[in-house]
file my_file24.pdb (PDB, C-alpha atoms and all ligand atoms)
ATOM      1  CA  MET A   1       0.000   0.000   0.000
ATOM      2  CA  SER A   2       1.302   3.487  -0.883
ATOM      3  CA  ARG A   3       1.724   6.173   1.781
ATOM      4  CA  ILE A   4       2.024   9.452  -0.065
ATOM      5  CA  LEU A   5       3.578  12.819   0.789
ATOM      6  CA  VAL A   6       2.692  15.761  -1.485
ATOM      7  CA  ILE A   7       5.149  18.629  -1.024
ATOM      8  CA  GLY A   8       3.791  21.977  -2.259
ATOM      9  CA  SER A   9       0.227  20.848  -1.651
ATOM     10  CA  ASN A  10      -1.232  24.394  -1.628
ATOM     11  CA  GLY A  11      -0.020  25.247  -5.113
ATOM     12  CA  GLN A  12      -1.918  25.255  -8.409
ATOM     13  CA  ILE A  13      -1.084  21.654  -9.312
ATOM     14  CA  GLY A  14      -0.361  20.448  -5.772
ATOM     15  CA  SER A  15      -3.835  21.199  -4.464
ATOM     16  CA  GLU A  16      -5.577  19.288  -7.272
ATOM     17  CA  LEU A  17      -3.118  16.417  -7.278
ATOM     18  CA  THR A  18      -3.502  15.989  -3.511
ATOM     19  CA  ALA A  19      -7.284  15.639  -3.885
ATOM     20  CA  ALA A  20      -6.902  13.171  -6.775
ATOM     21  CA  LEU A  21      -4.383  11.060  -4.854
ATOM     22  CA  ALA A  22      -6.645  11.068  -1.788
ATOM     23  CA  SER A  23      -9.566   9.792  -3.820
ATOM     24  CA  GLU A  24      -7.400   7.112  -5.439
ATOM     25  CA  HIS A  25      -5.435   5.922  -2.381
ATOM     26  CA  GLY A  26      -7.711   7.014   0.493
ATOM     27  CA  SER A  27      -7.340  10.240   2.518
ATOM     28  CA  ALA A  28      -5.664   8.379   5.363
ATOM     29  CA  ASN A  29      -2.773   7.478   3.035
ATOM     30  CA  VAL A  30      -2.043  10.995   1.767
ATOM     31  CA  VAL A  31      -0.181  13.657   3.732
ATOM     32  CA  ALA A  32      -0.239  17.221   2.370
ATOM     33  CA  ALA A  33       2.787  19.404   3.119
ATOM     34  CA  ASP A  34       3.449  23.077   2.534
ATOM     35  CA  VAL A  35       5.028  26.026   4.288
ATOM     36  CA  THR A  36       1.672  27.343   5.557
ATOM     37  CA  PRO A  37      -1.654  25.586   6.154
ATOM     38  CA  PRO A  38      -4.192  25.688   3.291
ATOM     39  CA  ALA A  39      -6.788  28.492   3.219
ATOM     40  CA  LEU A  40      -9.581  25.933   2.932
ATOM     41  CA  PRO A  41      -9.727  22.588   4.725
ATOM     42  CA  GLN A  42      -8.219  19.764   2.662
ATOM     43  CA  CYS A  43      -9.367  16.182   2.458
ATOM     44  CA  THR A  44      -6.074  14.950   3.937
ATOM     45  CA  GLN A  45      -3.885  15.495   6.966
ATOM     46  CA  PHE A  46      -1.635  18.546   6.677
ATOM     47  CA  VAL A  47       1.922  19.035   7.937
ATOM     48  CA  SER A  48       3.973  22.257   7.830
ATOM     49  CA  LEU A  49       7.183  21.783   5.885
ATOM     50  CA  ASP A  50       9.869  23.956   4.344
ATOM     51  CA  VAL A  51      11.315  21.392   1.940
ATOM     52  CA  LEU A  52      14.813  22.829   2.423
ATOM     53  CA  ASP A  53      14.607  21.767   6.082
ATOM     54  CA  ASN A  54      16.017  18.303   5.528
ATOM     55  CA  ALA A  55      15.721  17.184   9.161
ATOM     56  CA  ARG A  56      12.017  18.025   9.241
ATOM     57  CA  LEU A  57      11.447  16.316   5.875
ATOM     58  CA  ARG A  58      13.074  13.127   7.196
ATOM     59  CA  GLU A  59      11.091  13.285  10.424
ATOM     60  CA  ILE A  60       7.810  13.497   8.439
ATOM     61  CA  VAL A  61       8.794  10.620   6.129
ATOM     62  CA  VAL A  62       9.577   8.350   9.086
ATOM     63  CA  LYS A  63       6.631   9.424  11.261
ATOM     64  CA  HIS A  64       4.074   8.864   8.474
ATOM     65  CA  SER A  65       5.788   5.778   6.946
ATOM     66  CA  ILE A  66       5.892   7.544   3.575
ATOM     67  CA  THR A  67       6.558   5.384   0.489
ATOM     68  CA  ASP A  68       5.954   7.877  -2.358
ATOM     69  CA  ILE A  69       6.857  11.578  -2.581
ATOM     70  CA  TYR A  70       5.340  14.029  -5.068
ATOM     71  CA  LEU A  71       7.557  17.124  -5.012
ATOM     72  CA  LEU A  72       5.565  20.065  -6.392
ATOM     73  CA  ALA A  73       7.157  22.979  -4.519
ATOM     74  CA  ALA A  74       8.939  25.331  -6.949
ATOM     75  CA  VAL A  75       9.413  28.940  -7.952
ATOM     76  CA  LEU A  76       8.124  29.359 -11.529
ATOM     77  CA  SER A  77       9.604  31.070 -14.591
ATOM     78  CA  ALA A  78       8.526  34.715 -14.298
ATOM     79  CA  ARG A  79       8.838  35.050 -10.530
ATOM     80  CA  GLY A  80      12.181  33.234 -10.576
ATOM     81  CA  GLU A  81      13.807  35.966 -12.655
ATOM     82  CA  SER A  82      13.619  38.428  -9.762
ATOM     83  CA  ALA A  83      15.354  36.021  -7.334
ATOM     84  CA  PRO A  84      17.664  33.661  -9.262
ATOM     85  CA  LEU A  85      19.684  32.371  -6.326
ATOM     86  CA  SER A  86      16.754  31.465  -4.085
ATOM     87  CA  THR A  87      14.910  29.995  -7.101
ATOM     88  CA  TRP A  88      17.849  27.719  -7.885
ATOM     89  CA  THR A  89      18.267  26.779  -4.227
ATOM     90  CA  LEU A  90      14.622  25.866  -3.713
ATOM     91  CA  ASN A  91      14.097  24.118  -7.041
ATOM     92  CA  VAL A  92      17.322  22.064  -7.064
ATOM     93  CA  ASN A  93      18.065  21.435  -3.383
ATOM     94  CA  SER A  94      14.499  20.315  -2.657
ATOM     95  CA  LEU A  95      14.900  17.648  -5.353
ATOM     96  CA  LEU A  96      18.283  16.567  -3.997
ATOM     97  CA  ASN A  97      16.814  16.219  -0.490
ATOM     98  CA  VAL A  98      14.069  13.968  -1.825
ATOM     99  CA  LEU A  99      16.306  11.919  -4.142
ATOM    100  CA  GLU A 100      18.695  11.270  -1.264
ATOM    101  CA  LEU A 101      15.805   9.844   0.778
ATOM    102  CA  ALA A 102      15.055   7.506  -2.123
ATOM    103  CA  ARG A 103      18.730   6.572  -2.537
ATOM    104  CA  GLU A 104      18.782   5.581   1.156
ATOM    105  CA  LYS A 105      15.635   3.492   0.480
ATOM    106  CA  ARG A 106      13.582   5.484   2.962
ATOM    107  CA  VAL A 107      11.014   6.043   0.174
ATOM    108  CA  SER A 108      10.313   3.865  -2.881
ATOM    109  CA  ARG A 109       9.109   6.300  -5.538
ATOM    110  CA  VAL A 110       9.413   9.955  -6.427
ATOM    111  CA  PHE A 111       7.445  12.196  -8.787
ATOM    112  CA  TRP A 112       9.059  15.482  -9.778
ATOM    113  CA  PRO A 113       7.765  17.884 -12.444
ATOM    114  CA  SER A 114       9.934  19.345 -15.163
ATOM    115  CA  SER A 115       8.536  21.856 -17.646
ATOM    116  CA  ILE A 116       8.586  23.107 -21.234
ATOM    117  CA  ALA A 117      10.777  25.824 -19.657
ATOM    118  CA  ALA A 118      13.650  23.327 -19.852
ATOM    119  CA  PHE A 119      13.754  24.002 -23.614
ATOM    120  CA  GLY A 120      15.462  27.024 -25.136
ATOM    121  CA  PRO A 121      16.100  28.890 -28.381
ATOM    122  CA  HIS A 122      17.997  25.981 -29.997
ATOM    123  CA  SER A 123      15.525  23.241 -29.026
ATOM    124  CA  SER A 124      13.635  22.965 -32.390
ATOM    125  CA  LEU A 125      10.874  25.284 -31.279
ATOM    126  CA  GLU A 126       8.209  24.280 -33.816
ATOM    127  CA  ILE A 127       7.765  20.841 -32.197
ATOM    128  CA  ALA A 128      10.332  20.137 -29.483
ATOM    129  CA  PRO A 129      11.419  16.483 -29.621
ATOM    130  CA  GLN A 130      11.808  14.307 -26.529
ATOM    131  CA  TRP A 131      15.584  14.505 -27.014
ATOM    132  CA  ALA A 132      16.460  18.098 -27.806
ATOM    133  CA  ILE A 133      19.192  20.659 -27.245
ATOM    134  CA  MET A 134      18.279  22.122 -23.843
ATOM    135  CA  ASP A 135      19.463  25.734 -23.541
ATOM    136  CA  PRO A 136      16.895  27.476 -21.313
ATOM    137  CA  THR A 137      17.166  31.223 -20.827
ATOM    138  CA  THR A 138      15.569  31.434 -17.356
ATOM    139  CA  ILE A 139      16.869  30.326 -13.974
ATOM    140  CA  TYR A 140      13.673  28.266 -13.615
ATOM    141  CA  GLY A 141      14.457  26.498 -16.900
ATOM    142  CA  ALA A 142      18.067  25.941 -15.830
ATOM    143  CA  SER A 143      16.849  24.407 -12.554
ATOM    144  CA  LYS A 144      14.561  22.080 -14.537
ATOM    145  CA  VAL A 145      17.389  20.880 -16.793
ATOM    146  CA  ALA A 146      19.564  20.291 -13.707
ATOM    147  CA  GLY A 147      16.665  18.434 -12.084
ATOM    148  CA  GLU A 148      16.203  16.218 -15.133
ATOM    149  CA  ARG A 149      19.902  15.327 -15.091
ATOM    150  CA  LEU A 150      19.685  14.535 -11.365
ATOM    151  CA  CYS A 151      16.651  12.289 -11.883
ATOM    152  CA  GLU A 152      18.380  10.333 -14.624
ATOM    153  CA  TYR A 153      21.601  10.108 -12.577
ATOM    154  CA  TYR A 154      19.861   8.819  -9.434
ATOM    155  CA  PHE A 155      17.965   6.266 -11.532
ATOM    156  CA  ALA A 156      21.037   5.040 -13.445
ATOM    157  CA  LYS A 157      23.460   5.084 -10.530
ATOM    158  CA  PHE A 158      21.295   4.072  -7.566
ATOM    159  CA  GLY A 159      18.150   2.562  -9.122
ATOM    160  CA  VAL A 160      15.917   5.286  -7.685
ATOM    161  CA  ASP A 161      12.401   4.971  -9.151
ATOM    162  CA  VAL A 162      11.921   8.628 -10.046
ATOM    163  CA  ARG A 163       9.390   9.642 -12.702
ATOM    164  CA  SER A 164       8.818  13.002 -14.310
ATOM    165  CA  ILE A 165       6.748  14.952 -16.819
ATOM    166  CA  ARG A 166       7.665  18.163 -18.642
ATOM    167  CA  TYR A 167       4.409  19.967 -17.947
ATOM    168  CA  PRO A 168       3.213  22.423 -20.583
ATOM    169  CA  GLY A 169       1.446  25.562 -19.249
ATOM    170  CA  VAL A 170      -1.246  24.163 -16.936
ATOM    171  CA  VAL A 171      -4.706  25.775 -17.076
ATOM    172  CA  GLY A 172      -7.092  25.160 -14.179
ATOM    173  CA  TYR A 173      -9.698  26.972 -12.116
ATOM    174  CA  LYS A 174      -9.469  25.603  -8.592
ATOM    175  CA  ALA A 175      -6.298  27.378  -7.412
ATOM    176  CA  PRO A 176      -4.414  30.402  -8.729
ATOM    177  CA  PRO A 177      -1.183  29.925 -10.627
ATOM    178  CA  GLY A 178       1.893  31.454  -9.014
ATOM    179  CA  GLY A 179       4.323  33.481 -11.074
ATOM    180  CA  GLY A 180       4.472  31.635 -14.402
ATOM    181  CA  THR A 181       4.702  32.880 -17.994
ATOM    182  CA  THR A 182       1.609  30.889 -18.992
ATOM    183  CA  ASP A 183      -0.560  32.410 -16.209
ATOM    184  CA  TYR A 184      -2.280  34.714 -18.738
ATOM    185  CA  ALA A 185      -4.289  31.702 -19.934
ATOM    186  CA  ILE A 186      -6.116  31.616 -16.586
ATOM    187  CA  ALA A 187      -6.424  35.340 -15.795
ATOM    188  CA  ILE A 188      -7.976  35.937 -19.239
ATOM    189  CA  PHE A 189     -11.001  33.800 -18.280
ATOM    190  CA  GLN A 190     -11.623  35.749 -15.079
ATOM    191  CA  ALA A 191     -11.599  39.065 -16.979
ATOM    192  CA  ALA A 192     -13.966  37.620 -19.608
ATOM    193  CA  LYS A 193     -16.395  36.415 -16.955
ATOM    194  CA  ARG A 194     -16.298  39.759 -15.115
ATOM    195  CA  GLY A 195     -17.136  41.518 -18.391
ATOM    196  CA  GLU A 196     -13.836  43.437 -18.285
ATOM    197  CA  PRO A 197     -11.173  43.868 -20.977
ATOM    198  CA  TYR A 198      -7.981  41.869 -20.503
ATOM    199  CA  HIS A 199      -4.476  43.286 -20.960
ATOM    200  CA  CYS A 200      -2.422  40.331 -22.074
ATOM    201  CA  PHE A 201       1.292  40.346 -21.177
ATOM    202  CA  LEU A 202       2.144  38.131 -24.162
ATOM    203  CA  ASP A 203       1.914  39.036 -27.826
ATOM    204  CA  ALA A 204      -1.244  37.866 -29.668
ATOM    205  CA  HIS A 205       0.538  35.222 -31.739
ATOM    206  CA  THR A 206       2.775  33.587 -29.134
ATOM    207  CA  THR A 207       1.791  29.920 -29.381
ATOM    208  CA  LEU A 208       2.708  27.693 -26.440
ATOM    209  CA  PRO A 209       2.056  24.070 -25.439
ATOM    210  CA  MET A 210      -0.696  23.941 -22.808
ATOM    211  CA  ILE A 211      -2.680  21.340 -20.907
ATOM    212  CA  TYR A 212      -5.953  21.404 -18.988
ATOM    213  CA  MET A 213      -5.626  20.523 -15.310
ATOM    214  CA  PRO A 214      -7.673  17.269 -15.397
ATOM    215  CA  ASP A 215      -5.364  15.998 -18.150
ATOM    216  CA  ALA A 216      -2.250  17.096 -16.216
ATOM    217  CA  VAL A 217      -3.413  15.350 -13.042
ATOM    218  CA  ARG A 218      -4.438  12.196 -14.926
ATOM    219  CA  ALA A 219      -1.076  12.106 -16.740
ATOM    220  CA  THR A 220       0.717  12.248 -13.403
ATOM    221  CA  LEU A 221      -1.362   9.452 -11.901
ATOM    222  CA  GLU A 222      -0.970   7.304 -15.030
ATOM    223  CA  LEU A 223       2.798   7.753 -15.180
ATOM    224  CA  MET A 224       3.118   6.822 -11.504
ATOM    225  CA  LYS A 225       1.002   3.680 -12.060
ATOM    226  CA  ALA A 226       2.946   2.599 -15.156
ATOM    227  CA  ASP A 227       5.035  -0.586 -15.210
ATOM    228  CA  PRO A 228       8.598   0.610 -14.425
ATOM    229  CA  GLY A 229       9.981  -1.799 -17.017
ATOM    230  CA  ARG A 230       8.203   0.125 -19.776
ATOM    231  CA  LEU A 231       9.598   3.552 -18.849
ATOM    232  CA  ARG A 232      12.449   4.377 -21.205
ATOM    233  CA  ILE A 233      12.760   7.988 -20.063
ATOM    234  CA  ARG A 234      14.047   8.729 -16.572
ATOM    235  CA  SER A 235      14.839  12.395 -17.168
ATOM    236  CA  SER A 236      11.351  13.707 -17.985
ATOM    237  CA  TYR A 237       8.603  12.913 -20.512
ATOM    238  CA  ASN A 238       7.239  15.447 -23.016
ATOM    239  CA  ILE A 239       3.452  15.557 -22.894
ATOM    240  CA  LEU A 240       1.070  17.815 -24.810
ATOM    241  CA  GLY A 241      -2.538  18.748 -24.130
ATOM    242  CA  THR A 242      -3.087  21.320 -26.848
ATOM    243  CA  SER A 243      -1.237  24.352 -28.250
ATOM    244  CA  PHE A 244      -2.677  27.828 -28.658
ATOM    245  CA  SER A 245      -1.800  31.520 -28.818
ATOM    246  CA  PRO A 246      -3.509  34.343 -26.876
ATOM    247  CA  ALA A 247      -5.313  35.328 -30.125
ATOM    248  CA  GLU A 248      -6.658  31.792 -30.630
ATOM    249  CA  LEU A 249      -7.725  31.585 -26.988
ATOM    250  CA  THR A 250      -9.470  34.957 -27.276
ATOM    251  CA  ARG A 251     -11.310  33.829 -30.437
ATOM    252  CA  SER A 252     -12.550  30.738 -28.644
ATOM    253  CA  ILE A 253     -13.689  32.708 -25.568
ATOM    254  CA  ARG A 254     -15.505  35.198 -27.853
ATOM    255  CA  LYS A 255     -17.618  32.380 -29.288
ATOM    256  CA  ARG A 256     -19.164  32.236 -25.801
ATOM    257  CA  ILE A 257     -18.679  35.865 -24.628
ATOM    258  CA  PRO A 258     -18.827  37.883 -27.886
ATOM    259  CA  ARG A 259     -18.091  41.343 -26.398
ATOM    260  CA  PHE A 260     -14.856  40.282 -24.715
ATOM    261  CA  GLN A 261     -11.956  42.637 -25.536
ATOM    262  CA  VAL A 262      -8.234  41.889 -25.264
ATOM    263  CA  THR A 263      -5.310  44.277 -25.700
ATOM    264  CA  TYR A 264      -1.727  43.092 -26.024
ATOM    265  CA  VAL A 265       0.961  44.748 -23.918
ATOM    266  CA  PRO A 266       3.901  42.329 -23.932
ATOM    267  CA  ASP A 267       6.326  42.665 -20.995
ATOM    268  CA  PHE A 268       9.473  40.707 -19.988
ATOM    269  CA  ARG A 269       7.491  37.464 -20.074
ATOM    270  CA  GLN A 270       7.232  37.744 -23.870
ATOM    271  CA  GLN A 271      10.941  37.015 -24.221
ATOM    272  CA  ILE A 272      10.630  33.980 -21.972
ATOM    273  CA  ALA A 273       7.664  32.656 -23.962
ATOM    274  CA  GLN A 274       9.523  33.165 -27.243
ATOM    275  CA  SER A 275      12.322  30.913 -26.009
ATOM    276  CA  TRP A 276       9.850  28.044 -25.444
ATOM    277  CA  PRO A 277       8.522  25.616 -28.075
ATOM    278  CA  ARG A 278       5.174  26.087 -29.808
ATOM    279  CA  SER A 279       4.436  22.398 -29.428
ATOM    280  CA  VAL A 280       6.134  19.247 -28.178
ATOM    281  CA  ASP A 281       6.414  15.720 -29.536
ATOM    282  CA  ASP A 282       4.922  13.435 -26.894
ATOM    283  CA  SER A 283       5.111  10.179 -28.874
ATOM    284  CA  GLN A 284       7.466   8.588 -26.315
ATOM    285  CA  ALA A 285       4.947   9.121 -23.490
ATOM    286  CA  ARG A 286       2.188   7.725 -25.728
ATOM    287  CA  ALA A 287       4.255   4.636 -26.537
ATOM    288  CA  ASP A 288       5.650   3.955 -23.042
ATOM    289  CA  TRP A 289       2.664   4.541 -20.785
ATOM    290  CA  GLY A 290      -0.280   5.237 -23.066
ATOM    291  CA  TRP A 291      -0.502   9.014 -22.664
ATOM    292  CA  GLU A 292      -3.421  10.605 -24.500
ATOM    293  CA  PRO A 293      -4.945  14.042 -23.811
ATOM    294  CA  ARG A 294      -8.735  14.436 -23.567
ATOM    295  CA  PHE A 295      -9.150  18.238 -23.634
ATOM    296  CA  ASP A 296      -8.586  20.270 -26.807
ATOM    297  CA  LEU A 297      -8.842  24.078 -26.859
ATOM    298  CA  GLU A 298     -12.646  24.175 -27.232
ATOM    299  CA  ALA A 299     -13.248  21.680 -24.407
ATOM    300  CA  LEU A 300     -10.835  23.571 -22.147
ATOM    301  CA  VAL A 301     -12.531  26.922 -22.842
ATOM    302  CA  GLU A 302     -16.025  25.502 -22.304
ATOM    303  CA  ASP A 303     -15.078  24.064 -18.918
ATOM    304  CA  MET A 304     -13.046  27.072 -17.743
ATOM    305  CA  ILE A 305     -15.869  29.517 -18.521
ATOM    306  CA  ALA A 306     -18.324  27.335 -16.634
ATOM    307  CA  ASN A 307     -16.135  27.016 -13.552
ATOM    308  CA  VAL A 308     -13.465  29.692 -13.052
ATOM    309  CA  PRO A 309     -14.283  32.053 -10.148
ATOM    310  CA  LEU A 310     -14.586  35.788 -10.939
ATOM    311  CA  ASP A 311     -11.499  36.331  -8.835
ATOM    312  CA  TRP A 312      -9.604  34.288  -6.285
ATOM    313  CA  GLU A 313     -10.607  36.520  -3.333
ATOM    314  CA  ARG A 314     -14.346  36.260  -3.841
ATOM    315  CA  SER A 315     -14.121  32.505  -4.146
ATOM    316  CA  PRO A 316     -10.916  31.671  -2.276
ATOM    317  CA  PRO A 317      -9.062  28.608  -3.445
ATOM    318  CA  ALA A 318      -6.293  26.854  -1.553
ATOM    319  CA  ARG A 319      -3.341  29.254  -1.152
ATOM    320  CA  ALA A 320      -0.688  28.924  -3.838
ATOM    321  CA  ALA A 321       2.743  28.161  -2.480
ATOM    322  CA  SER A 322       4.695  28.254  -5.671
TER     323      SER A 322
HETATM  324  C1  LIG A 401       5.530  28.771 -16.096
HETATM  325  O1  LIG A 401       4.914  29.488 -16.912
HETATM  326  O2  LIG A 401       6.574  29.115 -15.531
HETATM  327  C2  LIG A 401       5.003  27.384 -15.826
HETATM  328  C3  LIG A 401       5.693  26.377 -16.681
HETATM  329  C4  LIG A 401       5.418  26.337 -18.132
HETATM  330  O3  LIG A 401       6.453  25.602 -16.180
HETATM  331  N1  LIG A 401       3.600  27.349 -16.050
END
call {"tool": "encode", "arguments": {"input": "my_file24.pdb", "output": "structure tokens"}}
result
Amino acid sequence: MSRILVIGSNGQIGSELTAALASEHGSANVVAADVTPPALPQCTQFVSLDVLDNARLREIVVKHSITDIYLLAAVLSARGESAPLSTWTLNVNSLLNVLELAREKRVSRVFWPSSIAAFGPHSSLEIAPQWAIMDPTTIYGASKVAGERLCEYYFAKFGVDVRSIRYPGVVGYKAPPGGGTTDYAIAIFQAAKRGEPYHCFLDAHTTLPMIYMPDAVRATLELMKADPGRLRIRSSYNILGTSFSPAELTRSIRKRIPRFQVTYVPDFRQQIAQSWPRSVDDSQARADWGWEPRFDLEALVEDMIANVPLDWERSPPARAAS
């Protein structure tokens, strides 16, 4: 039986993954961890944890007989640029702390997310292959490439069962995103629903790989359930939900909210987005563990409009930690 620790459980992905794991494995077998307690009660037990506090991490793993760790705590691409050193420290050292626990056989399995941010200007940006030149331009991207190398190293050298996905931009409505370059694709829905214009910080035609939250969560669960013998990638798997630009997203929203207006005022995040691929080749994930997305752009837009709160304050979600 798995005993699961989710680190970064208040964040955009962490909060939804924690709920999904609790419904799959039973609430009693899932421990949620973050630096501060969640704003809303969660379906699992909560422990306070700064993942850089290695002694506390070890104490929690032993006390709760943890077998599997999902490490979601991270500083994302846009926010990371204002604090490179602390971004690197959190994103890389947290992974090392967890991989060391697995090397010592204190836990059996680790999930760690990489990102499309691991790619860079020379990565074949039309459709980034699984194996590409990785020359990220952000500290977040650099920490993801380092993390991928560490995952592969700990697997090859010590047999650590670590599994990873390069998440595209993740769109969801239950918790706010925290400091990413793809965050526009969530804020735009809230403006549309409030009947306000949206000032987009990316250029109209900046196409990026994206994924709807239910697909991202399902991909994570499916990868972690996959037969280890079938997994040929121990750095991180490309997966794709759908790809779209702000202009294409706006067109789709306007089919449902015709008077919605968007202006484009690109800021520093435009440069980051331009260094990322427009799509990714996820054929390896499809072949190895049967990955298949369910939400295309129209399905994502339909569901987001139906469910996204007008703003996070009026309908408070779990606090985002990353
Ligand atoms: C970000 O925009 O930084 C994240 C990511 C693509 O990893 N959403």
call {"tool": "residues_near_ligand", "arguments": {"input": "my_file24.pdb", "ligand": "ligand LIG 401 (chain A)", "cutoff": "7 Å", "atoms": "all atoms listed in the file", "output": "number ranges by chain"}}
result
A: 76-78, 115-117, 167-170, 179-183
call {"tool": "atom_distance", "arguments": {"input": "my_file24.pdb", "atom1": "atom CA of Ser124 of chain A", "atom2": "atom CA of Asp288 of chain A"}}
result
22.6 Å
call {"tool": "atom_distance", "arguments": {"input": "my_file24.pdb", "atom1": "atom CA of Asp215 of chain A", "atom2": "atom CA of Arg251 of chain A"}}
result
22.5 Å
call {"tool": "residues_around", "arguments": {"input": "my_file24.pdb", "residues": "segment 219-230 of chain A", "least_positions_apart": "4", "cutoff": "9 Å", "atoms": "all atoms listed in the file", "output": "PyMOL selection string"}}
result
chain A and resi 17+20-21+109-111+161+163-165+214-215+239+285+288-293
call {"tool": "write_last_selection", "arguments": {"input": "my_file24.pdb", "atoms": "C-alpha atoms", "output": "PDB file, in the coordinates of the input"}}
result
ATOM      1  CA  LEU A  17      -3.118  16.417  -7.278  1.00  0.00           C
ATOM      2  CA  ALA A  20      -6.902  13.171  -6.775  1.00  0.00           C
ATOM      3  CA  LEU A  21      -4.383  11.060  -4.854  1.00  0.00           C
ATOM      4  CA  ARG A 109       9.109   6.300  -5.538  1.00  0.00           C
ATOM      5  CA  VAL A 110       9.413   9.955  -6.427  1.00  0.00           C
ATOM      6  CA  PHE A 111       7.445  12.196  -8.787  1.00  0.00           C
ATOM      7  CA  ASP A 161      12.401   4.971  -9.151  1.00  0.00           C
ATOM      8  CA  ARG A 163       9.390   9.642 -12.702  1.00  0.00           C
ATOM      9  CA  SER A 164       8.818  13.002 -14.310  1.00  0.00           C
ATOM     10  CA  ILE A 165       6.748  14.952 -16.819  1.00  0.00           C
ATOM     11  CA  PRO A 214      -7.673  17.269 -15.397  1.00  0.00           C
ATOM     12  CA  ASP A 215      -5.364  15.998 -18.150  1.00  0.00           C
ATOM     13  CA  ILE A 239       3.452  15.557 -22.894  1.00  0.00           C
ATOM     14  CA  ALA A 285       4.947   9.121 -23.490  1.00  0.00           C
ATOM     15  CA  ASP A 288       5.650   3.955 -23.042  1.00  0.00           C
ATOM     16  CA  TRP A 289       2.664   4.541 -20.785  1.00  0.00           C
ATOM     17  CA  GLY A 290      -0.280   5.237 -23.066  1.00  0.00           C
ATOM     18  CA  TRP A 291      -0.502   9.014 -22.664  1.00  0.00           C
ATOM     19  CA  GLU A 292      -3.421  10.605 -24.500  1.00  0.00           C
ATOM     20  CA  PRO A 293      -4.945  14.042 -23.811  1.00  0.00           C
TER      21      PRO A 293
END
call {"tool": "closest_residue", "arguments": {"input": "my_file24.pdb", "among": "A:Leu300, A:Leu96, A:Ala32, A:Ala204", "to": "Ser143 of chain A", "atoms": "all atoms listed in the file"}}
result
A:Leu96
call {"tool": "build_atoms", "arguments": {"input": "my_file24.pdb", "residues": "segment 38-48 of chain A", "atoms": "N, CA, C and O atoms", "output": "short mmCIF file (atom, residue, chain, number, x, y, z; two decimals), keeping the file's coordinate frame"}}
result
data_model
loop_
_atom_site.label_atom_id
_atom_site.label_comp_id
_atom_site.auth_asym_id
_atom_site.auth_seq_id
_atom_site.Cartn_x
_atom_site.Cartn_y
_atom_site.Cartn_z
N PRO A 38 -3.34 25.25 4.40
CA PRO A 38 -4.19 25.69 3.29
C PRO A 38 -5.28 26.65 3.78
O PRO A 38 -5.69 26.58 4.93
N ALA A 39 -5.73 27.53 2.87
CA ALA A 39 -6.79 28.49 3.22
C ALA A 39 -8.10 27.76 3.50
O ALA A 39 -8.87 28.17 4.36
N LEU A 40 -8.35 26.71 2.74
CA LEU A 40 -9.58 25.93 2.93
C LEU A 40 -9.19 24.55 3.44
O LEU A 40 -8.12 24.05 3.09
N PRO A 41 -10.07 23.92 4.24
CA PRO A 41 -9.73 22.59 4.72
C PRO A 41 -9.50 21.62 3.57
O PRO A 41 -10.19 21.70 2.55
N GLN A 42 -8.49 20.76 3.70
CA GLN A 42 -8.22 19.76 2.66
C GLN A 42 -8.74 18.41 3.11
O GLN A 42 -9.05 18.22 4.28
N CYS A 43 -8.81 17.49 2.16
CA CYS A 43 -9.37 16.18 2.46
C CYS A 43 -8.33 15.26 3.12
O CYS A 43 -8.58 14.10 3.35
N THR A 44 -7.14 15.80 3.39
CA THR A 44 -6.07 14.95 3.94
C THR A 44 -5.47 15.60 5.18
O THR A 44 -5.75 16.75 5.47
N GLN A 45 -4.60 14.87 5.86
CA GLN A 45 -3.88 15.50 6.97
C GLN A 45 -2.82 16.43 6.40
O GLN A 45 -2.25 16.16 5.34
N PHE A 46 -2.59 17.54 7.14
CA PHE A 46 -1.64 18.55 6.68
C PHE A 46 -0.46 18.64 7.64
O PHE A 46 -0.65 18.60 8.85
N VAL A 47 0.75 18.76 7.09
CA VAL A 47 1.92 19.04 7.94
C VAL A 47 2.65 20.26 7.37
O VAL A 47 2.71 20.45 6.16
N SER A 48 3.18 21.10 8.28
CA SER A 48 3.97 22.26 7.83
C SER A 48 5.36 21.77 7.47
O SER A 48 5.98 21.02 8.23
#
